[in-house]
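As stored in start31.cif (mmCIF, C-alpha atoms):
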data_coords
loop_
_atom_site.label_atom_id
_atom_site.label_comp_id
_atom_site.auth_asym_id
_atom_site.auth_seq_id
_atom_site.Cartn_x
_atom_site.Cartn_y
_atom_site.Cartn_z
CA MET A 1 20.44 -38.89 3.47
CA ALA A 2 21.02 -35.67 1.54
CA SER A 3 19.90 -35.69 -2.06
CA LYS A 4 22.56 -36.10 -4.72
CA TYR A 5 21.78 -33.22 -7.04
CA THR A 6 24.30 -31.16 -8.96
CA ASN A 7 23.11 -28.00 -7.23
CA SER A 8 25.07 -28.92 -4.12
CA GLU A 9 26.58 -26.81 -1.36
CA ARG A 10 28.56 -27.48 1.79
CA LEU A 11 26.37 -27.65 4.88
CA ASP A 12 28.46 -25.15 6.87
CA LYS A 13 28.44 -22.64 4.01
CA TYR A 14 24.67 -23.02 3.63
CA LEU A 15 24.10 -22.33 7.32
CA SER A 16 26.44 -19.35 7.27
CA THR A 17 24.60 -17.77 4.33
CA GLN A 18 21.04 -18.53 5.37
CA LEU A 19 21.41 -17.74 9.08
CA ASN A 20 23.82 -14.83 8.59
CA ILE A 21 26.40 -16.31 10.91
CA SER A 22 30.12 -16.91 10.56
CA ARG A 23 31.41 -20.16 9.10
CA SER A 24 32.94 -21.02 12.48
CA ASP A 25 29.57 -20.48 14.20
CA ALA A 26 27.95 -22.72 11.59
CA LYS A 27 30.48 -25.44 12.34
CA GLU A 28 29.72 -25.07 16.05
CA PHE A 29 26.01 -25.67 15.32
CA ILE A 30 26.92 -28.84 13.45
CA LYS A 31 29.38 -29.98 16.13
CA LYS A 32 26.66 -29.65 18.79
CA ARG A 33 24.33 -31.78 16.63
CA LEU A 34 21.83 -28.94 16.34
CA VAL A 35 21.42 -29.30 12.57
CA THR A 36 19.33 -31.87 10.72
CA VAL A 37 19.18 -32.70 7.01
CA ASN A 38 15.95 -34.35 5.93
CA GLY A 39 15.29 -35.32 9.55
CA GLU A 40 18.74 -36.81 10.22
CA VAL A 41 21.52 -35.12 12.21
CA GLY A 42 24.06 -33.47 9.94
CA LYS A 43 27.42 -34.48 11.34
CA LEU A 44 29.93 -33.27 8.73
CA TYR A 45 30.85 -29.63 8.03
CA ASP A 46 31.47 -30.37 4.34
CA MET A 47 28.39 -32.55 3.89
CA LYS A 48 26.87 -31.81 0.48
CA ILE A 49 23.25 -30.72 0.47
CA ASP A 50 20.88 -29.45 -2.21
CA PRO A 51 19.52 -26.10 -0.97
CA GLU A 52 16.42 -26.28 -3.15
CA THR A 53 15.27 -29.80 -2.31
CA ASP A 54 16.76 -30.86 1.04
CA ARG A 55 15.02 -29.87 4.27
CA ILE A 56 17.55 -28.24 6.60
CA ALA A 57 16.70 -27.35 10.20
CA ALA A 58 18.71 -25.67 12.95
CA GLU A 59 17.71 -26.06 16.60
CA GLY A 60 14.51 -27.72 15.44
CA LYS A 61 13.45 -24.85 13.18
CA GLU A 62 13.36 -25.47 9.44
CA ILE A 63 15.31 -22.95 7.37
CA VAL A 64 13.44 -21.36 4.48
CA TYR A 65 15.99 -21.27 1.68
CA ARG A 66 16.67 -17.91 0.03
CA LYS A 67 19.09 -18.03 -2.90
CA HIS A 68 19.16 -14.24 -2.93
CA ILE A 69 17.90 -11.50 -0.67
CA TYR A 70 16.04 -8.37 -1.78
CA ILE A 71 15.80 -5.33 0.48
CA MET A 72 13.80 -2.11 0.23
CA MET A 73 15.35 0.85 2.03
CA ASN A 74 14.05 4.36 2.62
CA LYS A 75 17.38 6.16 2.32
CA PRO A 76 17.83 9.36 4.34
CA GLN A 77 19.86 12.35 3.21
CA GLY A 78 23.55 12.27 4.07
CA VAL A 79 23.95 8.55 3.30
CA VAL A 80 25.72 7.35 0.16
CA CYS A 81 24.72 4.48 -2.14
CA SER A 82 27.96 2.59 -2.02
CA THR A 83 29.39 -0.58 -0.51
CA ARG A 84 32.10 1.49 1.16
CA ASP A 85 32.99 5.17 1.32
CA GLY A 86 35.39 5.97 4.16
CA GLN A 87 33.90 9.39 4.89
CA SER A 88 30.12 9.13 4.84
CA LYS A 89 27.80 6.41 6.11
CA THR A 90 26.72 3.96 3.41
CA VAL A 91 23.34 2.34 2.85
CA LEU A 92 24.83 -1.05 3.74
CA GLU A 93 25.67 0.22 7.21
CA LEU A 94 21.94 0.82 7.76
CA VAL A 95 20.98 -2.78 6.93
CA PRO A 96 20.16 -4.63 10.18
CA PRO A 97 22.25 -7.70 11.05
CA GLU A 98 19.44 -10.17 10.34
CA LEU A 99 19.28 -9.04 6.69
CA ARG A 100 22.99 -8.83 6.00
CA ARG A 101 24.90 -11.33 3.90
CA ASP A 102 28.04 -11.34 1.78
CA GLY A 103 27.74 -9.73 -1.63
CA LEU A 104 25.05 -7.15 -0.85
CA PHE A 105 25.13 -3.95 -2.91
CA PRO A 106 22.74 -1.15 -3.89
CA ALA A 107 21.28 -1.68 -7.37
CA GLY A 108 21.53 1.87 -8.60
CA ARG A 109 22.42 5.09 -6.87
CA LEU A 110 20.72 8.04 -5.24
CA ASP A 111 22.60 11.26 -4.63
CA LYS A 112 23.79 11.83 -1.09
CA ASP A 113 21.16 14.54 -0.58
CA THR A 114 18.31 12.51 -2.16
CA GLU A 115 15.92 10.41 -0.10
CA GLY A 116 13.83 7.39 -0.86
CA PHE A 117 13.71 3.92 -2.36
CA VAL A 118 17.01 2.11 -2.66
CA PHE A 119 16.96 -1.50 -3.84
CA ILE A 120 19.66 -3.61 -2.16
CA THR A 121 20.39 -7.19 -3.17
CA ASP A 122 23.02 -9.83 -3.83
CA ASP A 123 21.33 -10.83 -7.10
CA GLY A 124 23.62 -9.48 -9.81
CA VAL A 125 21.43 -10.61 -12.70
CA LEU A 126 18.33 -8.78 -11.48
CA ALA A 127 20.37 -5.70 -10.61
CA HIS A 128 21.88 -5.65 -14.11
CA ASN A 129 18.42 -5.75 -15.67
CA ILE A 130 17.18 -2.92 -13.47
CA LEU A 131 20.16 -0.75 -14.33
CA SER A 132 20.35 -1.55 -18.05
CA PRO A 133 19.18 1.39 -20.22
CA LYS A 134 17.83 -1.17 -22.70
CA ARG A 135 15.31 -2.43 -20.14
CA HIS A 136 13.60 0.95 -19.58
CA VAL A 137 12.75 0.23 -15.95
CA SER A 138 10.91 3.32 -14.73
CA LYS A 139 11.73 5.22 -11.55
CA VAL A 140 9.34 7.77 -10.06
CA TYR A 141 10.52 10.74 -8.00
CA HIS A 142 8.70 13.26 -5.84
CA VAL A 143 10.29 16.59 -6.71
CA ARG A 144 10.05 20.00 -5.11
CA PHE A 145 11.11 22.94 -7.26
CA GLU A 146 12.39 26.35 -6.24
CA GLU A 147 9.93 28.03 -8.64
CA GLU A 148 6.46 26.87 -9.65
CA ALA A 149 6.44 24.26 -12.40
CA SER A 150 4.98 25.32 -15.73
CA GLU A 151 2.60 23.31 -17.93
CA SER A 152 5.21 23.79 -20.65
CA TYR A 153 7.38 21.26 -18.82
CA ILE A 154 5.03 18.42 -19.83
CA PRO A 155 5.77 18.41 -23.60
CA ALA A 156 9.41 19.31 -22.96
CA PHE A 157 9.89 16.29 -20.72
CA GLU A 158 7.99 14.03 -23.14
CA LYS A 159 10.19 15.13 -26.04
CA GLY A 160 13.45 14.51 -24.17
CA LEU A 161 15.39 17.39 -22.66
CA GLU A 162 18.89 18.37 -23.72
CA LEU A 163 21.02 18.78 -20.62
CA ASP A 164 24.17 20.72 -19.94
CA GLY A 165 27.12 19.03 -21.58
CA GLY A 166 25.02 17.89 -24.53
CA ASP A 167 23.36 14.83 -22.97
CA VAL A 168 19.84 14.20 -24.26
CA CYS A 169 17.32 12.50 -21.98
CA LYS A 170 14.98 9.75 -23.06
CA PRO A 171 11.32 10.81 -23.02
CA ALA A 172 10.09 11.33 -19.46
CA GLN A 173 6.83 12.23 -17.75
CA ILE A 174 6.04 14.97 -15.28
CA GLU A 175 2.82 15.30 -13.29
CA ILE A 176 2.52 18.71 -11.69
CA LEU A 177 0.81 18.49 -8.31
CA GLU A 178 -1.70 20.83 -6.67
CA ASP A 179 1.16 22.75 -5.10
CA LYS A 180 2.84 23.74 -8.35
CA HIS A 181 6.24 23.73 -6.63
CA GLU A 182 5.89 19.95 -6.53
CA ALA A 183 5.66 17.21 -9.16
CA LEU A 184 6.06 13.51 -9.83
CA VAL A 185 8.73 12.82 -12.43
CA THR A 186 9.13 9.45 -14.13
CA ILE A 187 12.37 8.54 -15.90
CA SER A 188 13.71 5.29 -17.36
CA GLU A 189 17.44 5.98 -17.13
CA GLY A 190 19.87 7.22 -14.53
CA MET A 191 22.26 9.84 -15.81
CA TYR A 192 24.38 11.76 -13.32
CA HIS A 193 22.20 14.20 -11.32
CA GLN A 194 19.61 13.70 -14.05
CA ILE A 195 16.49 15.23 -12.49
CA LYS A 196 18.41 18.18 -11.09
CA ARG A 197 19.86 18.82 -14.54
CA MET A 198 16.43 18.40 -16.15
CA ALA A 199 15.09 21.10 -13.83
CA GLU A 200 17.95 23.40 -14.78
CA ALA A 201 17.23 22.74 -18.47
CA VAL A 202 13.75 24.27 -18.05
CA GLY A 203 15.02 27.15 -15.92
CA ASN A 204 14.20 25.80 -12.47
CA LYS A 205 16.00 24.21 -9.53
CA VAL A 206 15.33 21.14 -7.40
CA THR A 207 15.14 21.79 -3.65
CA TYR A 208 13.99 18.31 -2.56
CA LEU A 209 14.08 14.91 -4.23
CA LYS A 210 12.76 11.52 -3.16
CA ARG A 211 12.49 8.30 -5.18
CA ILE A 212 9.14 6.68 -4.45
CA ARG A 213 8.87 3.89 -7.02
CA ILE A 214 11.05 1.43 -8.96
CA GLY A 215 9.40 -0.54 -11.75
CA GLY A 216 6.08 -1.78 -10.41
CA VAL A 217 6.96 -1.38 -6.73
CA ASP A 218 6.16 1.60 -4.50
CA LEU A 219 8.25 2.60 -1.52
CA ASP A 220 6.61 1.28 1.64
CA GLU A 221 5.21 4.37 3.34
CA SER A 222 5.52 2.71 6.74
CA LEU A 223 9.33 2.73 6.47
CA ALA A 224 10.86 5.65 8.34
CA LEU A 225 13.98 7.27 6.91
CA GLY A 226 16.88 4.89 7.42
CA GLU A 227 14.68 1.84 7.81
CA CYS A 228 14.51 -1.16 5.49
CA ARG A 229 12.73 -4.49 5.15
CA GLU A 230 12.98 -7.64 3.09
CA MET A 231 10.85 -7.39 -0.02
CA LEU A 232 7.87 -9.64 -0.64
CA HIS A 233 7.85 -12.25 -3.39
CA LYS A 234 5.11 -10.40 -5.28
CA GLU A 235 7.20 -7.21 -5.19
CA ILE A 236 10.15 -9.00 -6.77
CA GLN A 237 7.80 -10.40 -9.40
CA ASN A 238 6.56 -6.88 -10.13
CA ILE A 239 10.13 -5.69 -10.68
CA TYR A 240 10.78 -8.60 -13.05
CA THR A 241 7.55 -7.83 -14.89
CA SER A 242 8.57 -4.20 -15.34
CA PHE A 243 11.51 -5.09 -17.60
CA MET A 244 10.00 -8.18 -19.27
CA GLU A 245 7.01 -6.39 -20.76
#
Rewritten as structure tokens:
Amino acid sequence: MASKYTNSERLDKYLSTQLNISRSDAKEFIKKRLVTVNGEVGKLYDMKIDPETDRIAAEGKEIVYRKHIYIMMNKPQGVVCSTRDGQSKTVLELVPPELRRDGLFPAGRLDKDTEGFVFITDDGVLAHNILSPKRHVSKVYHVRFEEEASESYIPAFEKGLELDGGDVCKPAQIEILEDKHEALVTISEGMYHQIKRMAEAVGNKVTYLKRIRIGGVDLDESLALGECREMLHKEIQNIYTSFME
């Protein structure tokens, strides 16, 4: 018998969410007696189960329960960080079918012409914490400048640059690389076109921008542009740690 906990969910809804199938397909699984709950055949579509304690299997394979899903994407240029756009391809359109589920959205934005790490999830609480300016979750970008970067940028970034329009950045870090046209820039906020405007504030221009790190998690270098993968438990823990410190 299914456990009688308050954290209950309909069996067909559970299957639909966890297997990324339609509710009607989930009902077909149940109708064909392909689903078991704690070793017994689940016969009712609306049977109440506890996702965290009951053992649910489909076609003999136990389902590993995931309350939320967390996806790392290496966004290419030309794709927008939106759930829908109408003109340009969105990051959600690049998510493969096996990782899709209702409620997915990108937690934060990258400009259309910026590449790199986009965090996609259906966990609104975690996304809120990542995006909240009060949490100071750091993001690291690989930047290429039109002109060579100057050592004078370092104290200017650390002080907090004043941007066009009067916005003042929180203190940031810049590490100028061996090729002085390139640098790693770390910020803890996400103002509109922030790094491009920071470059303009010191008399330079960004020609290439890629986000390579969010909180304590680096972009997986094995991901080609446009590819994504489900994030590991330890990676999610590192993101949590980054705003709990």
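Across the model, the gap from CA of Met231 (chain A) to CA of Phe117 (chain A) is 11.9 Å.
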Non-local contacts of Glu93 (chain A) (10 Å; only C-alpha atoms; under 2 positions in same chain excluded) as a PyMOL selection string: chain A and resi 79+82-84+89-91+95-97+100+226
Export of the given selection (C-alpha atoms) as a PDB file, keeping the file's coordinate frame:
ATOM      1  CA  VAL A  79      23.950   8.550   3.300  1.00  0.00           C
ATOM      2  CA  SER A  82      27.960   2.590  -2.020  1.00  0.00           C
ATOM      3  CA  THR A  83      29.390  -0.580  -0.510  1.00  0.00           C
ATOM      4  CA  ARG A  84      32.100   1.490   1.160  1.00  0.00           C
ATOM      5  CA  LYS A  89      27.800   6.410   6.110  1.00  0.00           C
ATOM      6  CA  THR A  90      26.720   3.960   3.410  1.00  0.00           C
ATOM      7  CA  VAL A  91      23.340   2.340   2.850  1.00  0.00           C
ATOM      8  CA  VAL A  95      20.980  -2.780   6.930  1.00  0.00           C
ATOM      9  CA  PRO A  96      20.160  -4.630  10.180  1.00  0.00           C
ATOM     10  CA  PRO A  97      22.250  -7.700  11.050  1.00  0.00           C
ATOM     11  CA  ARG A 100      22.990  -8.830   6.000  1.00  0.00           C
ATOM     12  CA  GLY A 226      16.880   4.890   7.420  1.00  0.00           C
TER      13      GLY A 226
END
Residue IDs satisfying the PyMOL selection byres ((chain A and resi 108) around 10), as number ranges by chain: A: 81-82, 105-107, 109-110, 118-120, 127-128, 130-131, 190
Compile a residue-level contact table for region 96-149 of chain A against region 192-196 of chain A at a cut-off of 12 Å, reporting for every qualifying residue the shortest atom pair and its distance in Å to one decimal, with all atoms listed in the file counted, rows ordered by chain and ascending number, as CSV.
residue,atom,partner,partner_atom,distance
A:Gly108,CA,A:Tyr192,CA,11.3
A:Arg109,CA,A:Tyr192,CA,9.5
A:Leu110,CA,A:His193,CA,8.8
A:Asp111,CA,A:His193,CA,7.3
A:Lys112,CA,A:His193,CA,10.6
A:Asp113,CA,A:His193,CA,10.8
A:Thr114,CA,A:His193,CA,10.1
A:Lys139,CA,A:Ile195,CA,11.1
A:Val140,CA,A:Ile195,CA,10.6
A:Tyr141,CA,A:Ile195,CA,8.7
A:His142,CA,A:Ile195,CA,10.4
A:Val143,CA,A:Ile195,CA,8.6
A:Arg144,CA,A:Lys196,CA,10.4
A:Phe145,CA,A:Lys196,CA,9.5
A:Glu146,CA,A:Lys196,CA,11.2
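The closest residue to Met198 (chain A), picked from A:Ser222, A:Gln173, A:Thr53, A:Asn7 and counting all atoms listed in the file, is A:Gln173.
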Hits of the PyMOL selection byres ((chain A and resi 57) around 10) in this structure, as JSON, numbers by chain: {"A": [15, 34, 35, 36, 37, 38, 39, 40, 41, 42, 54, 55, 56, 58, 59, 60, 61, 62, 63, 64]}
Spatial neighbours of Glu158 (chain A), max dist 10 Å, only C-alpha atoms, sep filter under 6 positions, as a PyMOL selection string: chain A and resi 169-174
Atomic separation - CA of Ile214 (chain A) relative to CA of Ile239 (chain A), Å: 7.4 Å
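All residues that come within 8 Å of the coordinates (14.0, 3.5, 1.5), counting only C-alpha atoms, are given as A:Met72, A:Met73, A:Asn74, A:Lys75, A:Pro76, A:Glu115, A:Gly116, A:Phe117, A:Val118, A:Phe119, A:Leu219, A:Asp220, A:Leu223, A:Ala224, A:Leu225, A:Gly226, A:Glu227, A:Cys228.
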Residues matched by the PyMOL selection byres ((chain A and resi 164) around 9), written as a VMD selection string: chain A and resid 162 to 163 165 to 168 197 to 198 200 to 201
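Across A:Gln237, A:Lys31, A:Lys13, A:Glu189, the tightest approach to Lys134 (chain A) is made by A:Glu189 when counting all atoms listed in the file.
Here CA of Lys159 (chain A) and CA of Met191 (chain A) stand 16.7 Å from one another.
With all atoms listed in the file as the basis for measurement, A:Thr121 is the residue among A:Thr241, A:Ser16, A:Thr121, A:Thr186 that approaches Tyr70 (chain A) most closely.
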Residues within 10 Å of Glu9 (chain A), all atoms listed in the file, excluding chain neighbours under 5 positions, as a ChimeraX atom specification: /A:14,46-51
Writing out the chosen residues with C-alpha atoms as a compact mmCIF listing (two decimals), in the frame of the given file:
# COMPACT_ATOMS: atom_id res chain seq x y z
CA TYR A 14 24.67 -23.02 3.63
CA ASP A 46 31.47 -30.37 4.34
CA MET A 47 28.39 -32.55 3.89
CA LYS A 48 26.87 -31.81 0.48
CA ILE A 49 23.25 -30.72 0.47
CA ASP A 50 20.88 -29.45 -2.21
CA PRO A 51 19.52 -26.10 -0.97
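Across A:Lys210, A:His233, A:His68, A:Arg135, the tightest approach to Asp102 (chain A) is made by A:His68 when counting all atoms listed in the file.
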7 Å contact set for Ser242 (chain A), only C-alpha atoms, chain neighbours under 6 positions out, as a PDB file with C-alpha atoms, keeping the file's coordinate frame:
ATOM      1  CA  VAL A 137      12.750   0.230 -15.950  1.00  0.00           C
ATOM      2  CA  GLY A 215       9.400  -0.540 -11.750  1.00  0.00           C
ATOM      3  CA  GLY A 216       6.080  -1.780 -10.410  1.00  0.00           C
TER       4      GLY A 216
END
Residue nearest Phe157 (chain A) - candidates A:Leu99, A:Val202, A:Val125, A:Leu177, atoms counted: all atoms listed in the file: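 Answer, going by the shortest atom-to-atom distance: A:Val202.
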Please output region 195-206 of chain A, rebuilt to include all heavy atoms, as a compact mmCIF listing (two decimals), keeping the file's coordinate frame.
# COMPACT_ATOMS: atom_id res chain seq x y z
N ILE A 195 17.68 14.40 -12.72
CA ILE A 195 16.49 15.23 -12.49
C ILE A 195 16.87 16.66 -12.14
O ILE A 195 16.21 17.62 -12.56
CB ILE A 195 15.58 14.59 -11.43
CG1 ILE A 195 15.00 13.29 -11.99
CG2 ILE A 195 14.47 15.54 -11.01
CD1 ILE A 195 14.04 12.57 -11.08
N LYS A 196 17.94 16.83 -11.40
CA LYS A 196 18.41 18.18 -11.09
C LYS A 196 18.80 18.91 -12.37
O LYS A 196 18.49 20.10 -12.54
CB LYS A 196 19.60 18.12 -10.13
CG LYS A 196 19.24 17.55 -8.76
CD LYS A 196 20.47 17.38 -7.89
CE LYS A 196 20.11 16.76 -6.54
NZ LYS A 196 21.30 16.51 -5.70
N ARG A 197 19.45 18.20 -13.27
CA ARG A 197 19.86 18.82 -14.54
C ARG A 197 18.66 19.06 -15.45
O ARG A 197 18.63 20.03 -16.22
CB ARG A 197 20.89 17.93 -15.22
CG ARG A 197 22.21 17.86 -14.45
CD ARG A 197 23.08 16.69 -14.91
NE ARG A 197 23.58 16.89 -16.26
CZ ARG A 197 24.06 15.90 -17.01
NH1 ARG A 197 24.03 14.65 -16.57
NH2 ARG A 197 24.52 16.16 -18.22
N MET A 198 17.65 18.19 -15.37
CA MET A 198 16.43 18.40 -16.15
C MET A 198 15.72 19.68 -15.68
O MET A 198 15.22 20.46 -16.50
CB MET A 198 15.50 17.20 -16.00
CG MET A 198 16.01 15.93 -16.68
SD MET A 198 15.05 14.44 -16.26
CE MET A 198 13.56 14.71 -17.22
N ALA A 199 15.70 19.88 -14.36
CA ALA A 199 15.09 21.10 -13.83
C ALA A 199 15.83 22.34 -14.32
O ALA A 199 15.22 23.34 -14.72
CB ALA A 199 15.07 21.05 -12.31
N GLU A 200 17.14 22.26 -14.31
CA GLU A 200 17.95 23.40 -14.78
C GLU A 200 17.71 23.66 -16.26
O GLU A 200 17.72 24.81 -16.71
CB GLU A 200 19.42 23.13 -14.51
CG GLU A 200 19.77 23.13 -13.02
CD GLU A 200 21.19 22.65 -12.75
OE1 GLU A 200 21.89 22.31 -13.73
OE2 GLU A 200 21.58 22.62 -11.56
N ALA A 201 17.45 22.58 -17.03
CA ALA A 201 17.23 22.74 -18.47
C ALA A 201 15.95 23.51 -18.78
O ALA A 201 15.82 24.10 -19.85
CB ALA A 201 17.18 21.37 -19.14
N VAL A 202 14.99 23.51 -17.84
CA VAL A 202 13.75 24.27 -18.05
C VAL A 202 13.73 25.53 -17.18
O VAL A 202 12.68 26.15 -16.98
CB VAL A 202 12.50 23.40 -17.77
CG1 VAL A 202 12.38 22.31 -18.81
CG2 VAL A 202 12.53 22.81 -16.36
N GLY A 203 14.90 25.89 -16.65
CA GLY A 203 15.02 27.15 -15.92
C GLY A 203 14.56 27.10 -14.47
O GLY A 203 14.17 28.13 -13.91
N ASN A 204 14.63 25.93 -13.86
CA ASN A 204 14.20 25.80 -12.47
C ASN A 204 15.30 25.11 -11.66
O ASN A 204 16.37 24.80 -12.19
CB ASN A 204 12.89 25.01 -12.38
CG ASN A 204 12.00 25.47 -11.25
OD1 ASN A 204 12.49 25.86 -10.19
ND2 ASN A 204 10.69 25.41 -11.46
N LYS A 205 15.02 24.85 -10.40
CA LYS A 205 16.00 24.21 -9.53
C LYS A 205 15.29 23.27 -8.56
O LYS A 205 14.22 23.59 -8.04
CB LYS A 205 16.78 25.28 -8.75
CG LYS A 205 17.88 24.72 -7.85
CD LYS A 205 18.63 25.84 -7.15
CE LYS A 205 19.73 25.26 -6.25
NZ LYS A 205 20.47 26.35 -5.55
N VAL A 206 15.89 22.11 -8.33
CA VAL A 206 15.33 21.14 -7.40
C VAL A 206 15.78 21.48 -5.98
O VAL A 206 16.96 21.66 -5.72
CB VAL A 206 15.77 19.70 -7.76
CG1 VAL A 206 15.38 18.71 -6.66
CG2 VAL A 206 15.17 19.27 -9.09
